[in-house]
file query-v7.csv (CSV, C-alpha atoms and all ligand atoms)
chain,number,residue,atom,x,y,z
E,295,MET,CA,-235.1,-73.1,-79.3
E,296,SER,CA,-238.5,-72.6,-77.8
E,297,THR,CA,-238.9,-70.6,-74.6
E,298,ILE,CA,-239.7,-73.5,-72.4
E,299,LEU,CA,-236.6,-75.4,-73.7
E,300,GLU,CA,-234.5,-72.4,-72.9
E,301,ILE,CA,-235.9,-72.3,-69.4
E,302,ALA,CA,-235.4,-76.0,-69.0
E,303,GLN,CA,-231.8,-75.8,-70.2
E,304,GLU,CA,-231.0,-73.0,-67.7
E,305,LYS,CA,-232.7,-74.6,-64.7
E,306,ALA,CA,-232.3,-78.4,-65.2
E,307,LEU,CA,-229.1,-78.7,-67.3
E,308,VAL,CA,-227.1,-75.7,-66.0
E,309,GLN,CA,-228.3,-75.4,-62.4
E,310,GLY,CA,-229.5,-79.0,-61.8
E,311,ILE,CA,-232.8,-77.7,-60.5
E,312,GLY,CA,-236.1,-79.6,-61.3
E,313,LEU,CA,-238.8,-77.8,-63.2
E,314,ASN,CA,-242.1,-76.7,-61.7
E,315,GLN,CA,-245.5,-78.1,-62.6
E,316,GLN,CA,-246.4,-75.6,-65.2
E,317,GLU,CA,-243.0,-76.0,-66.9
E,318,VAL,CA,-243.3,-79.8,-66.9
E,319,TYR,CA,-246.8,-79.4,-68.4
E,320,GLU,CA,-245.4,-77.3,-71.2
E,321,LEU,CA,-242.7,-80.0,-72.0
E,322,LEU,CA,-245.3,-82.7,-72.0
E,323,THR,CA,-247.3,-80.8,-74.6
E,324,ILE,CA,-244.4,-79.5,-76.7
E,325,ASP,CA,-245.0,-79.7,-80.4
E,326,ASP,CA,-243.5,-82.4,-82.6
E,327,ASP,CA,-241.0,-80.1,-84.2
E,328,HIS,CA,-239.3,-79.6,-80.8
E,329,LEU,CA,-239.5,-83.2,-79.6
E,330,GLN,CA,-236.0,-84.1,-80.7
E,331,ASP,CA,-234.6,-81.0,-79.1
E,332,LEU,CA,-236.4,-82.0,-75.9
E,333,LEU,CA,-234.9,-85.5,-76.0
E,334,ASP,CA,-231.4,-84.0,-76.6
E,335,LEU,CA,-231.8,-81.6,-73.7
E,336,ALA,CA,-233.0,-84.4,-71.4
E,337,HIS,CA,-230.1,-86.6,-72.4
E,338,GLN,CA,-227.5,-83.8,-71.8
E,339,THR,CA,-229.1,-83.2,-68.4
E,340,ARG,CA,-228.8,-86.8,-67.5
E,341,ILE,CA,-225.1,-86.9,-68.6
E,342,ALA,CA,-224.3,-83.7,-66.7
E,343,HIS,CA,-225.9,-84.7,-63.4
E,344,CYS,CA,-226.0,-88.5,-63.4
E,345,GLY,CA,-223.0,-89.5,-65.6
E,346,VAL,CA,-222.9,-91.8,-68.5
E,347,ASP,CA,-223.5,-95.1,-66.8
E,348,VAL,CA,-226.8,-96.9,-67.4
E,349,SER,CA,-227.9,-99.2,-64.6
E,350,LEU,CA,-229.4,-102.6,-65.2
E,351,GLU,CA,-231.5,-104.1,-62.4
E,352,GLY,CA,-232.8,-107.7,-61.9
E,353,ILE,CA,-236.1,-108.2,-60.3
E,354,ILE,CA,-237.7,-111.3,-58.8
E,355,SER,CA,-241.1,-111.9,-57.2
E,356,LEU,CA,-240.9,-113.7,-53.9
E,357,LYS,CA,-244.7,-113.8,-53.7
E,358,THR,CA,-246.8,-113.3,-56.8
E,359,GLY,CA,-250.6,-112.8,-57.0
E,360,GLY,CA,-253.3,-113.0,-54.5
E,361,CYS,CA,-252.8,-109.4,-53.2
E,362,PRO,CA,-255.8,-108.1,-51.1
E,363,GLU,CA,-255.5,-104.6,-52.6
E,364,ASP,CA,-257.5,-103.3,-55.6
E,365,CYS,CA,-255.0,-101.3,-57.7
E,366,SER,CA,-256.9,-101.2,-61.0
E,367,PHE,CA,-253.8,-101.8,-63.2
E,368,CYS,CA,-252.5,-104.8,-61.4
E,369,SER,CA,-253.1,-108.4,-62.3
E,370,GLN,CA,-251.7,-109.5,-58.9
E,371,SER,CA,-254.8,-108.3,-57.1
E,372,GLY,CA,-256.8,-111.2,-55.8
E,373,LEU,CA,-259.9,-109.1,-56.3
E,374,PHE,CA,-259.9,-109.3,-60.1
E,375,GLU,CA,-260.6,-112.1,-62.5
E,376,SER,CA,-257.0,-111.9,-63.8
E,377,PRO,CA,-254.9,-114.9,-64.7
E,378,VAL,CA,-252.0,-114.5,-62.2
E,379,ARG,CA,-252.2,-117.1,-59.4
E,380,ALA,CA,-250.5,-116.9,-56.1
E,381,VAL,CA,-247.0,-118.4,-56.2
E,382,THR,CA,-244.2,-118.2,-53.7
E,383,LEU,CA,-240.6,-118.8,-54.6
E,384,ASN,CA,-238.0,-120.6,-52.4
E,385,ILE,CA,-234.6,-119.2,-51.3
E,386,GLY,CA,-232.7,-121.3,-53.8
E,387,GLU,CA,-234.7,-119.8,-56.7
E,388,LEU,CA,-234.0,-116.3,-55.5
E,389,VAL,CA,-230.3,-116.9,-55.2
E,390,GLU,CA,-230.3,-118.4,-58.7
E,391,ALA,CA,-232.1,-115.4,-60.1
E,392,ALA,CA,-229.7,-113.0,-58.4
E,393,LYS,CA,-226.8,-114.9,-59.9
E,394,GLN,CA,-228.3,-114.6,-63.4
E,395,SER,CA,-228.9,-110.9,-62.9
E,396,GLU,CA,-225.3,-110.4,-61.8
E,397,LYS,CA,-224.1,-112.4,-64.9
E,398,MET,CA,-226.0,-110.1,-67.2
E,399,GLY,CA,-224.3,-107.1,-65.6
E,400,ALA,CA,-227.0,-106.0,-63.2
E,401,SER,CA,-225.8,-104.0,-60.2
E,402,GLU,CA,-229.0,-104.2,-58.2
E,403,PHE,CA,-231.5,-107.0,-57.4
E,404,CYS,CA,-235.0,-106.3,-56.1
E,405,ILE,CA,-237.1,-108.7,-54.1
E,406,VAL,CA,-240.8,-108.1,-54.6
E,407,ALA,CA,-243.9,-109.4,-53.0
E,408,ALA,CA,-247.5,-108.8,-53.8
E,409,VAL,CA,-248.8,-107.8,-50.4
E,410,LYS,CA,-250.4,-104.7,-48.8
E,411,GLY,CA,-247.5,-104.8,-46.4
E,412,PRO,CA,-245.2,-107.5,-45.0
E,413,ASP,CA,-246.1,-109.8,-42.0
E,414,GLN,CA,-243.3,-111.1,-39.8
E,415,LYS,CA,-243.1,-114.4,-41.7
E,416,LEU,CA,-242.4,-112.6,-45.0
E,417,LEU,CA,-239.8,-110.3,-43.3
E,418,ASP,CA,-238.1,-113.4,-41.9
E,419,GLN,CA,-238.1,-115.0,-45.4
E,420,VAL,CA,-236.6,-111.8,-46.9
E,421,ALA,CA,-233.9,-111.7,-44.2
E,422,ASP,CA,-233.0,-115.3,-45.0
E,423,ALA,CA,-232.9,-114.5,-48.7
E,424,VAL,CA,-230.7,-111.4,-48.2
E,425,VAL,CA,-228.2,-113.6,-46.3
E,426,ALA,CA,-228.2,-116.3,-48.9
E,427,ILE,CA,-227.8,-113.9,-51.8
E,428,THR,CA,-225.1,-111.8,-50.2
E,429,ASN,CA,-223.1,-115.0,-49.4
E,430,GLU,CA,-223.0,-115.9,-53.0
E,431,VAL,CA,-223.6,-112.9,-55.2
E,432,ASP,CA,-222.0,-109.4,-55.3
E,433,ILE,CA,-225.1,-107.3,-55.9
E,434,SER,CA,-226.9,-104.6,-54.1
E,435,ILE,CA,-230.3,-105.7,-52.7
E,436,SER,CA,-233.5,-103.7,-52.7
E,437,ALA,CA,-237.0,-104.8,-51.7
E,438,SER,CA,-240.6,-103.9,-52.5
E,439,LEU,CA,-243.0,-105.3,-49.9
E,440,GLY,CA,-245.8,-102.7,-49.7
E,441,ILE,CA,-246.7,-100.4,-46.9
E,442,LEU,CA,-244.3,-100.4,-43.9
E,443,ASN,CA,-244.5,-99.4,-40.3
E,444,GLU,CA,-241.6,-98.0,-38.4
E,445,ASP,CA,-240.5,-101.3,-36.9
E,446,GLN,CA,-240.6,-103.0,-40.3
E,447,ALA,CA,-238.6,-100.3,-42.0
E,448,ALA,CA,-235.9,-100.6,-39.2
E,449,GLN,CA,-235.8,-104.4,-39.7
E,450,LEU,CA,-235.3,-104.1,-43.5
E,451,LYS,CA,-232.4,-101.6,-42.9
E,452,GLY,CA,-230.9,-104.0,-40.3
E,453,MET,CA,-230.9,-107.0,-42.6
E,454,GLY,CA,-229.0,-105.1,-45.3
E,455,VAL,CA,-231.6,-103.9,-47.7
E,456,SER,CA,-230.1,-100.7,-49.2
E,457,ARG,CA,-233.0,-99.4,-51.2
E,458,TYR,CA,-236.8,-99.8,-50.8
E,459,ASN,CA,-239.3,-99.4,-53.6
E,460,HIS,CA,-242.8,-98.2,-53.0
E,461,ASN,CA,-244.5,-96.4,-55.9
E,462,LEU,CA,-246.7,-93.4,-55.5
E,463,GLU,CA,-248.2,-94.8,-58.7
E,464,SER,CA,-249.8,-91.6,-59.9
E,465,SER,CA,-250.6,-88.0,-58.9
E,466,ARG,CA,-252.4,-87.4,-55.6
E,467,SER,CA,-255.4,-86.1,-57.4
E,468,PHE,CA,-255.7,-89.2,-59.7
E,469,PHE,CA,-254.8,-91.9,-57.2
E,470,PRO,CA,-258.4,-92.4,-55.9
E,471,HIS,CA,-259.4,-93.3,-59.4
E,472,VAL,CA,-256.8,-96.2,-59.3
E,473,VAL,CA,-257.0,-97.6,-55.8
E,474,SER,CA,-259.7,-97.6,-53.1
E,475,THR,CA,-258.2,-100.0,-50.5
E,476,HIS,CA,-255.4,-97.6,-49.4
E,477,THR,CA,-254.5,-94.0,-49.8
E,478,TRP,CA,-251.8,-92.0,-51.6
E,479,GLU,CA,-250.9,-90.6,-48.1
E,480,GLU,CA,-250.2,-94.1,-46.8
E,481,ARG,CA,-247.8,-94.7,-49.6
E,482,LYS,CA,-246.1,-91.4,-49.0
E,483,ASN,CA,-245.8,-92.2,-45.3
E,484,THR,CA,-243.9,-95.4,-46.1
E,485,LEU,CA,-241.4,-93.4,-48.2
E,486,ASP,CA,-240.8,-91.1,-45.3
E,487,LEU,CA,-240.1,-94.1,-43.0
E,488,VAL,CA,-237.8,-95.6,-45.6
E,489,ARG,CA,-235.8,-92.4,-45.7
E,490,ALA,CA,-235.8,-91.9,-41.9
E,491,ASN,CA,-234.4,-95.4,-41.4
E,492,GLY,CA,-231.5,-94.8,-43.7
E,493,MET,CA,-232.5,-96.7,-46.9
E,494,GLU,CA,-232.6,-95.2,-50.3
E,495,VAL,CA,-236.0,-94.3,-51.7
E,496,CYS,CA,-237.2,-95.8,-54.9
E,497,SER,CA,-240.6,-94.5,-56.0
E,498,GLY,CA,-242.3,-94.1,-59.4
E,499,GLY,CA,-245.5,-95.0,-61.0
E,500,ILE,CA,-247.5,-95.8,-64.1
E,501,ILE,CA,-248.2,-93.5,-67.0
E,502,GLY,CA,-251.3,-93.9,-69.1
E,503,MET,CA,-253.9,-95.0,-66.6
E,504,GLY,CA,-256.4,-92.3,-67.7
E,505,GLU,CA,-254.7,-89.3,-65.9
E,506,THR,CA,-254.8,-86.0,-67.7
E,507,ILE,CA,-251.5,-84.4,-69.0
E,508,GLU,CA,-252.0,-81.9,-66.1
E,509,GLN,CA,-252.1,-84.8,-63.7
E,510,ARG,CA,-248.9,-86.2,-65.2
E,511,ALA,CA,-247.2,-82.9,-64.6
E,512,GLU,CA,-248.6,-82.9,-61.0
E,513,PHE,CA,-247.2,-86.4,-60.5
E,514,ALA,CA,-243.7,-85.4,-61.7
E,515,VAL,CA,-243.4,-82.6,-59.2
E,516,GLN,CA,-244.9,-84.6,-56.4
E,517,LEU,CA,-242.4,-87.3,-57.0
E,518,ALA,CA,-239.6,-84.7,-57.2
E,519,SER,CA,-240.7,-83.4,-53.8
E,520,VAL,CA,-239.9,-86.8,-52.2
E,521,GLU,CA,-236.4,-86.5,-53.7
E,522,PRO,CA,-236.2,-90.2,-54.6
E,523,ASP,CA,-232.9,-91.8,-55.4
E,524,GLU,CA,-234.6,-93.8,-58.1
E,525,VAL,CA,-237.8,-93.4,-60.1
E,526,PRO,CA,-239.1,-96.5,-62.0
E,527,LEU,CA,-241.3,-95.3,-64.8
E,528,ASN,CA,-243.9,-97.7,-66.1
E,529,PHE,CA,-246.3,-97.3,-69.0
E,530,LEU,CA,-249.6,-99.0,-68.6
E,531,ASP,CA,-249.7,-102.5,-70.0
E,532,PRO,CA,-253.4,-103.2,-69.9
E,533,ARG,CA,-253.6,-106.6,-68.3
E,534,PRO,CA,-256.6,-108.9,-69.1
E,535,GLY,CA,-259.0,-109.1,-66.2
E,536,THR,CA,-258.1,-105.9,-64.6
E,537,PRO,CA,-260.4,-102.8,-64.5
E,538,PHE,CA,-257.9,-101.0,-66.8
E,539,ALA,CA,-257.7,-103.9,-69.4
E,540,ASP,CA,-259.3,-101.8,-72.1
E,541,ARG,CA,-257.3,-98.6,-71.6
E,542,PRO,CA,-255.2,-97.6,-74.7
E,543,LEU,CA,-251.4,-97.8,-74.8
E,544,VAL,CA,-249.5,-94.6,-74.4
E,545,PRO,CA,-248.4,-93.4,-77.9
E,546,GLN,CA,-244.7,-93.5,-78.5
E,547,GLY,CA,-244.2,-89.8,-78.8
E,548,GLU,CA,-246.2,-89.1,-75.7
E,549,ALA,CA,-244.1,-91.7,-73.8
E,550,LEU,CA,-240.9,-90.1,-75.0
E,551,ARG,CA,-242.1,-86.6,-73.9
E,552,THR,CA,-242.9,-88.1,-70.5
E,553,VAL,CA,-239.4,-89.6,-70.0
E,554,ALA,CA,-237.7,-86.4,-71.0
E,555,ALA,CA,-240.1,-84.2,-68.9
E,556,PHE,CA,-239.6,-86.4,-65.8
E,557,ARG,CA,-235.8,-86.2,-66.3
E,558,LEU,CA,-236.0,-82.4,-66.4
E,559,ALA,CA,-238.3,-82.4,-63.3
E,560,MET,CA,-235.7,-84.5,-61.5
E,561,PRO,CA,-232.2,-83.8,-63.0
E,562,ARG,CA,-230.2,-85.9,-60.5
E,563,THR,CA,-232.5,-88.9,-60.0
E,564,GLN,CA,-231.9,-92.4,-61.4
E,565,LEU,CA,-234.8,-92.7,-63.9
E,566,ARG,CA,-235.5,-96.3,-64.7
E,567,PHE,CA,-237.5,-97.9,-67.4
E,568,ALA,CA,-239.8,-100.5,-65.9
E,569,GLY,CA,-243.0,-102.3,-67.0
E,570,GLY,CA,-244.7,-101.6,-70.3
E,571,THR,CA,-241.7,-99.8,-71.8
E,572,GLU,CA,-241.4,-102.2,-74.7
E,573,LEU,CA,-245.2,-101.7,-75.4
E,574,ALA,CA,-245.3,-97.9,-75.3
E,575,LEU,CA,-241.9,-97.2,-76.8
E,576,GLY,CA,-241.1,-100.2,-78.9
E,577,ASP,CA,-237.5,-101.3,-79.4
E,578,ASP,CA,-236.3,-98.1,-81.1
E,579,GLY,CA,-238.2,-96.0,-78.6
E,580,THR,CA,-236.6,-97.8,-75.7
E,581,GLU,CA,-233.2,-96.9,-76.9
E,582,ALA,CA,-234.4,-93.4,-77.8
E,583,GLY,CA,-235.5,-93.1,-74.2
E,584,LEU,CA,-232.1,-94.1,-72.9
E,585,LEU,CA,-230.8,-91.3,-75.1
E,586,GLY,CA,-233.6,-89.0,-74.0
E,587,GLY,CA,-233.4,-88.8,-70.2
E,588,ALA,CA,-233.6,-92.4,-68.8
E,589,ASN,CA,-230.4,-93.9,-67.3
E,590,ALA,CA,-231.6,-97.2,-65.9
E,591,ILE,CA,-233.6,-100.2,-67.0
E,592,ILE,CA,-235.1,-103.3,-65.4
E,593,GLY,CA,-233.9,-106.2,-67.3
E,594,GLY,CA,-235.7,-109.3,-68.5
E,595,ASN,CA,-239.1,-110.3,-67.3
E,596,TYR,CA,-241.2,-108.1,-65.1
E,597,LEU,CA,-243.5,-109.4,-62.4
E,598,THR,CA,-246.5,-110.5,-64.4
E,599,THR,CA,-245.6,-109.7,-68.0
E,600,PHE,CA,-243.0,-110.9,-70.4
E,601,GLY,CA,-240.8,-107.9,-70.7
E,602,ARG,CA,-237.9,-108.8,-73.0
E,603,PRO,CA,-235.0,-111.2,-72.8
E,604,MET,CA,-232.3,-109.7,-70.5
E,605,GLU,CA,-229.7,-110.1,-73.3
E,606,ARG,CA,-231.7,-107.6,-75.4
E,607,ASP,CA,-231.8,-105.1,-72.5
E,608,ARG,CA,-228.1,-105.6,-72.0
E,609,ASP,CA,-227.6,-104.9,-75.7
E,610,ALA,CA,-229.7,-101.7,-75.5
E,611,VAL,CA,-227.8,-100.6,-72.5
E,612,ASP,CA,-224.5,-101.2,-74.3
E,613,ARG,CA,-225.6,-99.2,-77.3
E,614,ALA,CA,-226.9,-96.4,-75.2
E,615,MET,CA,-223.6,-96.2,-73.2
E,616,HIS,CA,-221.6,-96.3,-76.3
E,617,ALA,CA,-223.6,-93.4,-77.7
E,618,SER,CA,-223.4,-91.6,-74.3
E,619,ALA,CA,-219.7,-92.0,-74.0
E,620,GLY,CA,-218.9,-90.4,-77.4
E,621,PRO,CA,-216.7,-87.3,-77.5
E,622,SER,CA,-219.5,-84.9,-77.9
E,623,CYS,CA,-221.4,-86.2,-74.8
E,624,CYS,CA,-218.3,-86.1,-72.6
E,625,SER,CA,-217.7,-82.5,-73.4
E,626,ALA,CA,-220.9,-81.6,-71.4
E,627,GLY,CA,-219.3,-82.8,-68.2
E,628,ALA,CA,-220.0,-86.4,-67.5
E,629,SER,CA,-219.4,-86.7,-63.7
E,630,ALA,CA,-222.3,-86.8,-61.4
E,631,GLY,CA,-223.1,-83.5,-59.9
E,632,ALA,CA,-220.9,-81.6,-62.3
E,633,THR,CA,-222.1,-78.1,-63.2
E,634,ALA,CA,-222.5,-78.1,-66.9
E,635,ASN,CA,-221.1,-75.4,-69.1
E,636,PRO,CA,-224.0,-73.9,-71.1
E,637,THR,CA,-221.9,-73.2,-74.1
E,638,ALA,CA,-220.5,-76.7,-74.2
E,639,ALA,CA,-224.0,-78.0,-73.6
E,640,GLU,CA,-225.3,-76.1,-76.6
E,641,ASP,CA,-222.5,-77.4,-78.7
E,642,THR,CA,-223.1,-80.9,-77.4
E,643,ALA,CA,-226.8,-80.7,-78.2
E,644,ALA,CA,-226.1,-79.6,-81.7
E,645,ASN,CA,-223.2,-82.1,-82.3
E,646,SER,CA,-224.9,-85.1,-80.8
E,647,ARG,CA,-228.2,-84.6,-82.6
E,648,LEU,CA,-230.0,-88.0,-82.4
E,649,ASN,CA,-231.2,-89.6,-85.5
E,650,LEU,CA,-233.4,-92.3,-84.1
E,651,GLY,CA,-236.1,-92.9,-86.6
E,652,ILE,CA,-238.8,-92.4,-84.0
E,653,THR,CA,-242.3,-93.0,-85.1
E,654,PRO,CA,-243.9,-89.6,-85.6
E,655,VAL,CA,-246.2,-88.5,-82.9
E,656,GLY,CA,-249.8,-89.6,-83.7
E,657,GLU,CA,-248.7,-92.4,-86.1
E,658,ARG,CA,-247.9,-96.0,-85.4
E,659,LYS,CA,-245.7,-98.5,-87.2
E,660,ASN,CA,-248.0,-101.4,-88.1
E,661,THR,CA,-249.6,-102.0,-84.7
E,662,GLY,CA,-247.2,-99.3,-83.5
E,663,HIS,CA,-245.4,-101.5,-81.0
E,664,GLY,CA,-243.6,-104.3,-82.8
E,665,PRO,CA,-243.7,-108.1,-82.6
E,666,LEU,CA,-243.8,-108.4,-78.9
E,667,TYR,CA,-247.0,-106.4,-78.8
E,668,ASP,CA,-248.5,-108.5,-81.6
E,669,THR,CA,-247.6,-111.6,-79.5
E,670,LEU,CA,-249.1,-110.3,-76.4
E,671,THR,CA,-252.3,-109.1,-78.0
E,672,SER,CA,-252.8,-112.4,-79.8
E,673,LEU,CA,-252.6,-114.4,-76.5
P,701,LIG,S1,-249.9,-102.9,-57.1
P,701,LIG,FE1,-249.1,-104.0,-55.3
P,701,LIG,S2,-250.6,-103.4,-53.7
P,701,LIG,FE2,-251.6,-103.0,-55.6
P,701,LIG,S3,-252.7,-104.9,-56.1
P,701,LIG,FE3,-250.7,-105.0,-57.1
P,701,LIG,S4,-249.4,-106.2,-55.7
P,701,LIG,FE4,-251.2,-105.4,-54.6

call {"tool": "encode", "arguments": {"input": "query-v7.csv", "output": "structure tokens"}}
result
Amino acid sequence: MSTILEIAQEKALVQGIGLNQQEVYELLTIDDDHLQDLLDLAHQTRIAHCGVDVSLEGIISLKTGGCPEDCSFCSQSGLFESPVRAVTLNIGELVEAAKQSEKMGASEFCIVAAVKGPDQKLLDQVADAVVAITNEVDISISASLGILNEDQAAQLKGMGVSRYNHNLESSRSFFPHVVSTHTWEERKNTLDLVRANGMEVCSGGIIGMGETIEQRAEFAVQLASVEPDEVPLNFLDPRPGTPFADRPLVPQGEALRTVAAFRLAMPRTQLRFAGGTELALGDDGTEAGLLGGANAIIGGNYLTTFGRPMERDRDAVDRAMHASAGPSCCSAGASAGATANPTAAEDTAANSRLNLGITPVGERKNTGHGPLYDTLTSL
């Protein structure tokens, strides 16, 4: 085992402590020969500190498109020539989507709106939606409504929103290359208000927007410093009409290193695959990621892109849970917060060696991303 993997094993797996920026950087640049070992270690760390469960989340956009902000990756900005038009859903549609999510096994349902921050009318709509959903569906409700002030955070907590999503999006040093209409600090301040008002913090970002590997490592430790309950990890899906439309996709091996390195930076956090996963990782890579550090997935369609049918996500989750629940994985200590036994962990890593048929780093299968990518790029 390489030195950095030994350090990661001792800190993240055994002690449950996140790695520092230099250590994360070394994992992000680990050579191909050690990639599988890295994935195994990330998986064992996830099992040891988060358990075997994989969380599936449904997501619905209450208000899509027409946002006044200029996030360069986002086709919901009203400032770009992108094809997403402003649409608002009604309460009945939200309840129906929550029912569908529950039916597919989702434990969490997130209401999202493309706004800089919510006005009172939007907050009142969300309050009505939360009541309507909780009357009919047994599901935990989260929200993502942009930048909050103190009063708005308190209102959301009061109406029963348990978790609030607001992504830091990228490292502090790269953020000004992505957005000019608000600051990284404004986003961070919202996360502080979410925590102070008793909601769980969900914050992640997008990999592959042009940041350096060093900035990816910086982002991982900045996220870790917020101590988020959940980190949604997106890979750039270059949307037509946005300033980042021509940015290349993140290669599969690089994406898998990122998943594993972020897990080892945040051993106890729910690490959720979100937008662009199917493009960067492909189907085999998505399952590899669920066996390489991730433990949650957003099912079905994303906000502005197709995602995958929720049944396929459900299948991927089932396969990953089956693999996670095998005898070798359980021997590492499957309960959340358990202190792993290093000897058992080493045995486990050896016994549960994954054989995933991952596309070698630097190569691509056909287009590299499977039929969905072909479909999207031919549109
Ligand atoms: S990421 Fe959010 S704030 Fe930025 S343009 Fe898109 S919807 Fe608006």

call {"tool": "closest_residue", "arguments": {"input": "query-v7.csv", "among": "E:Ser467, E:Thr339, E:Gln315, E:Thr475", "to": "ligand LIG 701 (chain P)", "atoms": "only C-alpha atoms and all ligand atoms"}}
result
E:Thr475

call {"tool": "residues_around", "arguments": {"input": "query-v7.csv", "residues": "stretch 477-484 of chain E", "least_positions_apart": "6", "cutoff": "10 Å", "atoms": "only C-alpha atoms", "output": "PyMOL selection string"}}
result
chain E and resi 440-444+447+458-470+490+495+497+517+520

call {"tool": "residues_around", "arguments": {"input": "query-v7.csv", "residues": "E:Ser434", "least_positions_apart": "4", "cutoff": "7 Å", "atoms": "all atoms listed in the file", "output": "ChimeraX atom specification"}}
result
/E:401-403

call {"tool": "residues_near_ligand", "arguments": {"input": "query-v7.csv", "ligand": "ligand LIG 701 (chain P)", "cutoff": "7 Å", "atoms": "all atoms listed in the file", "output": "PDB file with C-alpha atoms, in the frame of the given file"}}
result
ATOM      1  CA  GLY E 359    -250.600-112.800 -57.000  1.00  0.00           C
ATOM      2  CA  CYS E 361    -252.800-109.400 -53.200  1.00  0.00           C
ATOM      3  CA  PRO E 362    -255.800-108.100 -51.100  1.00  0.00           C
ATOM      4  CA  GLU E 363    -255.500-104.600 -52.600  1.00  0.00           C
ATOM      5  CA  ASP E 364    -257.500-103.300 -55.600  1.00  0.00           C
ATOM      6  CA  CYS E 365    -255.000-101.300 -57.700  1.00  0.00           C
ATOM      7  CA  CYS E 368    -252.500-104.800 -61.400  1.00  0.00           C
ATOM      8  CA  SER E 369    -253.100-108.400 -62.300  1.00  0.00           C
ATOM      9  CA  GLN E 370    -251.700-109.500 -58.900  1.00  0.00           C
ATOM     10  CA  SER E 371    -254.800-108.300 -57.100  1.00  0.00           C
ATOM     11  CA  ALA E 407    -243.900-109.400 -53.000  1.00  0.00           C
ATOM     12  CA  ALA E 408    -247.500-108.800 -53.800  1.00  0.00           C
ATOM     13  CA  VAL E 409    -248.800-107.800 -50.400  1.00  0.00           C
ATOM     14  CA  LYS E 410    -250.400-104.700 -48.800  1.00  0.00           C
ATOM     15  CA  GLY E 440    -245.800-102.700 -49.700  1.00  0.00           C
TER      16      GLY E 440
END

call {"tool": "closest_residue", "arguments": {"input": "query-v7.csv", "among": "E:Arg510, E:Gly587, E:Gly569, E:Leu527", "to": "E:Glu317", "atoms": "all atoms listed in the file"}}
result
E:Arg510

call {"tool": "build_atoms", "arguments": {"input": "query-v7.csv", "residues": "stretch 557-571 of chain E", "atoms": "N, CA and C atoms", "output": "PDB file, in the frame of the given file"}}
result
ATOM      1  N   ARG E 557    -237.268 -86.429 -66.497  1.00  0.00           N
ATOM      2  CA  ARG E 557    -235.800 -86.200 -66.300  1.00  0.00           C
ATOM      3  C   ARG E 557    -235.622 -84.704 -65.911  1.00  0.00           C
ATOM      4  N   LEU E 558    -236.284 -83.799 -66.621  1.00  0.00           N
ATOM      5  CA  LEU E 558    -236.000 -82.400 -66.400  1.00  0.00           C
ATOM      6  C   LEU E 558    -236.732 -81.903 -65.090  1.00  0.00           C
ATOM      7  N   ALA E 559    -237.682 -82.684 -64.594  1.00  0.00           N
ATOM      8  CA  ALA E 559    -238.300 -82.400 -63.300  1.00  0.00           C
ATOM      9  C   ALA E 559    -237.356 -82.909 -62.162  1.00  0.00           C
ATOM     10  N   MET E 560    -236.532 -83.925 -62.495  1.00  0.00           N
ATOM     11  CA  MET E 560    -235.700 -84.500 -61.500  1.00  0.00           C
ATOM     12  C   MET E 560    -234.280 -84.795 -62.110  1.00  0.00           C
ATOM     13  N   PRO E 561    -233.485 -83.727 -62.264  1.00  0.00           N
ATOM     14  CA  PRO E 561    -232.200 -83.800 -63.000  1.00  0.00           C
ATOM     15  C   PRO E 561    -231.232 -84.844 -62.452  1.00  0.00           C
ATOM     16  N   ARG E 562    -231.268 -85.077 -61.127  1.00  0.00           N
ATOM     17  CA  ARG E 562    -230.200 -85.900 -60.500  1.00  0.00           C
ATOM     18  C   ARG E 562    -230.676 -87.293 -60.109  1.00  0.00           C
ATOM     19  N   THR E 563    -231.901 -87.659 -60.450  1.00  0.00           N
ATOM     20  CA  THR E 563    -232.500 -88.900 -60.000  1.00  0.00           C
ATOM     21  C   THR E 563    -232.191 -90.040 -61.027  1.00  0.00           C
ATOM     22  N   GLN E 564    -232.035 -91.267 -60.512  1.00  0.00           N
ATOM     23  CA  GLN E 564    -231.900 -92.400 -61.400  1.00  0.00           C
ATOM     24  C   GLN E 564    -233.336 -92.675 -61.992  1.00  0.00           C
ATOM     25  N   LEU E 565    -233.480 -92.534 -63.288  1.00  0.00           N
ATOM     26  CA  LEU E 565    -234.800 -92.700 -63.900  1.00  0.00           C
ATOM     27  C   LEU E 565    -234.786 -94.018 -64.695  1.00  0.00           C
ATOM     28  N   ARG E 566    -235.570 -94.960 -64.172  1.00  0.00           N
ATOM     29  CA  ARG E 566    -235.500 -96.300 -64.700  1.00  0.00           C
ATOM     30  C   ARG E 566    -236.694 -96.742 -65.479  1.00  0.00           C
ATOM     31  N   PHE E 567    -236.466 -97.260 -66.671  1.00  0.00           N
ATOM     32  CA  PHE E 567    -237.500 -97.900 -67.400  1.00  0.00           C
ATOM     33  C   PHE E 567    -237.995 -99.140 -66.737  1.00  0.00           C
ATOM     34  N   ALA E 568    -239.298 -99.286 -66.556  1.00  0.00           N
ATOM     35  CA  ALA E 568    -239.800-100.500 -65.900  1.00  0.00           C
ATOM     36  C   ALA E 568    -240.885-101.104 -66.813  1.00  0.00           C
ATOM     37  N   GLY E 569    -241.976-101.579 -66.230  1.00  0.00           N
ATOM     38  CA  GLY E 569    -243.000-102.300 -67.000  1.00  0.00           C
ATOM     39  C   GLY E 569    -243.617-101.505 -68.103  1.00  0.00           C
ATOM     40  N   GLY E 570    -243.942-102.184 -69.184  1.00  0.00           N
ATOM     41  CA  GLY E 570    -244.700-101.600 -70.300  1.00  0.00           C
ATOM     42  C   GLY E 570    -243.846-100.743 -71.229  1.00  0.00           C
ATOM     43  N   THR E 571    -242.545-100.611 -70.930  1.00  0.00           N
ATOM     44  CA  THR E 571    -241.700 -99.800 -71.800  1.00  0.00           C
ATOM     45  C   THR E 571    -241.684-100.287 -73.219  1.00  0.00           C
TER      46      THR E 571
END
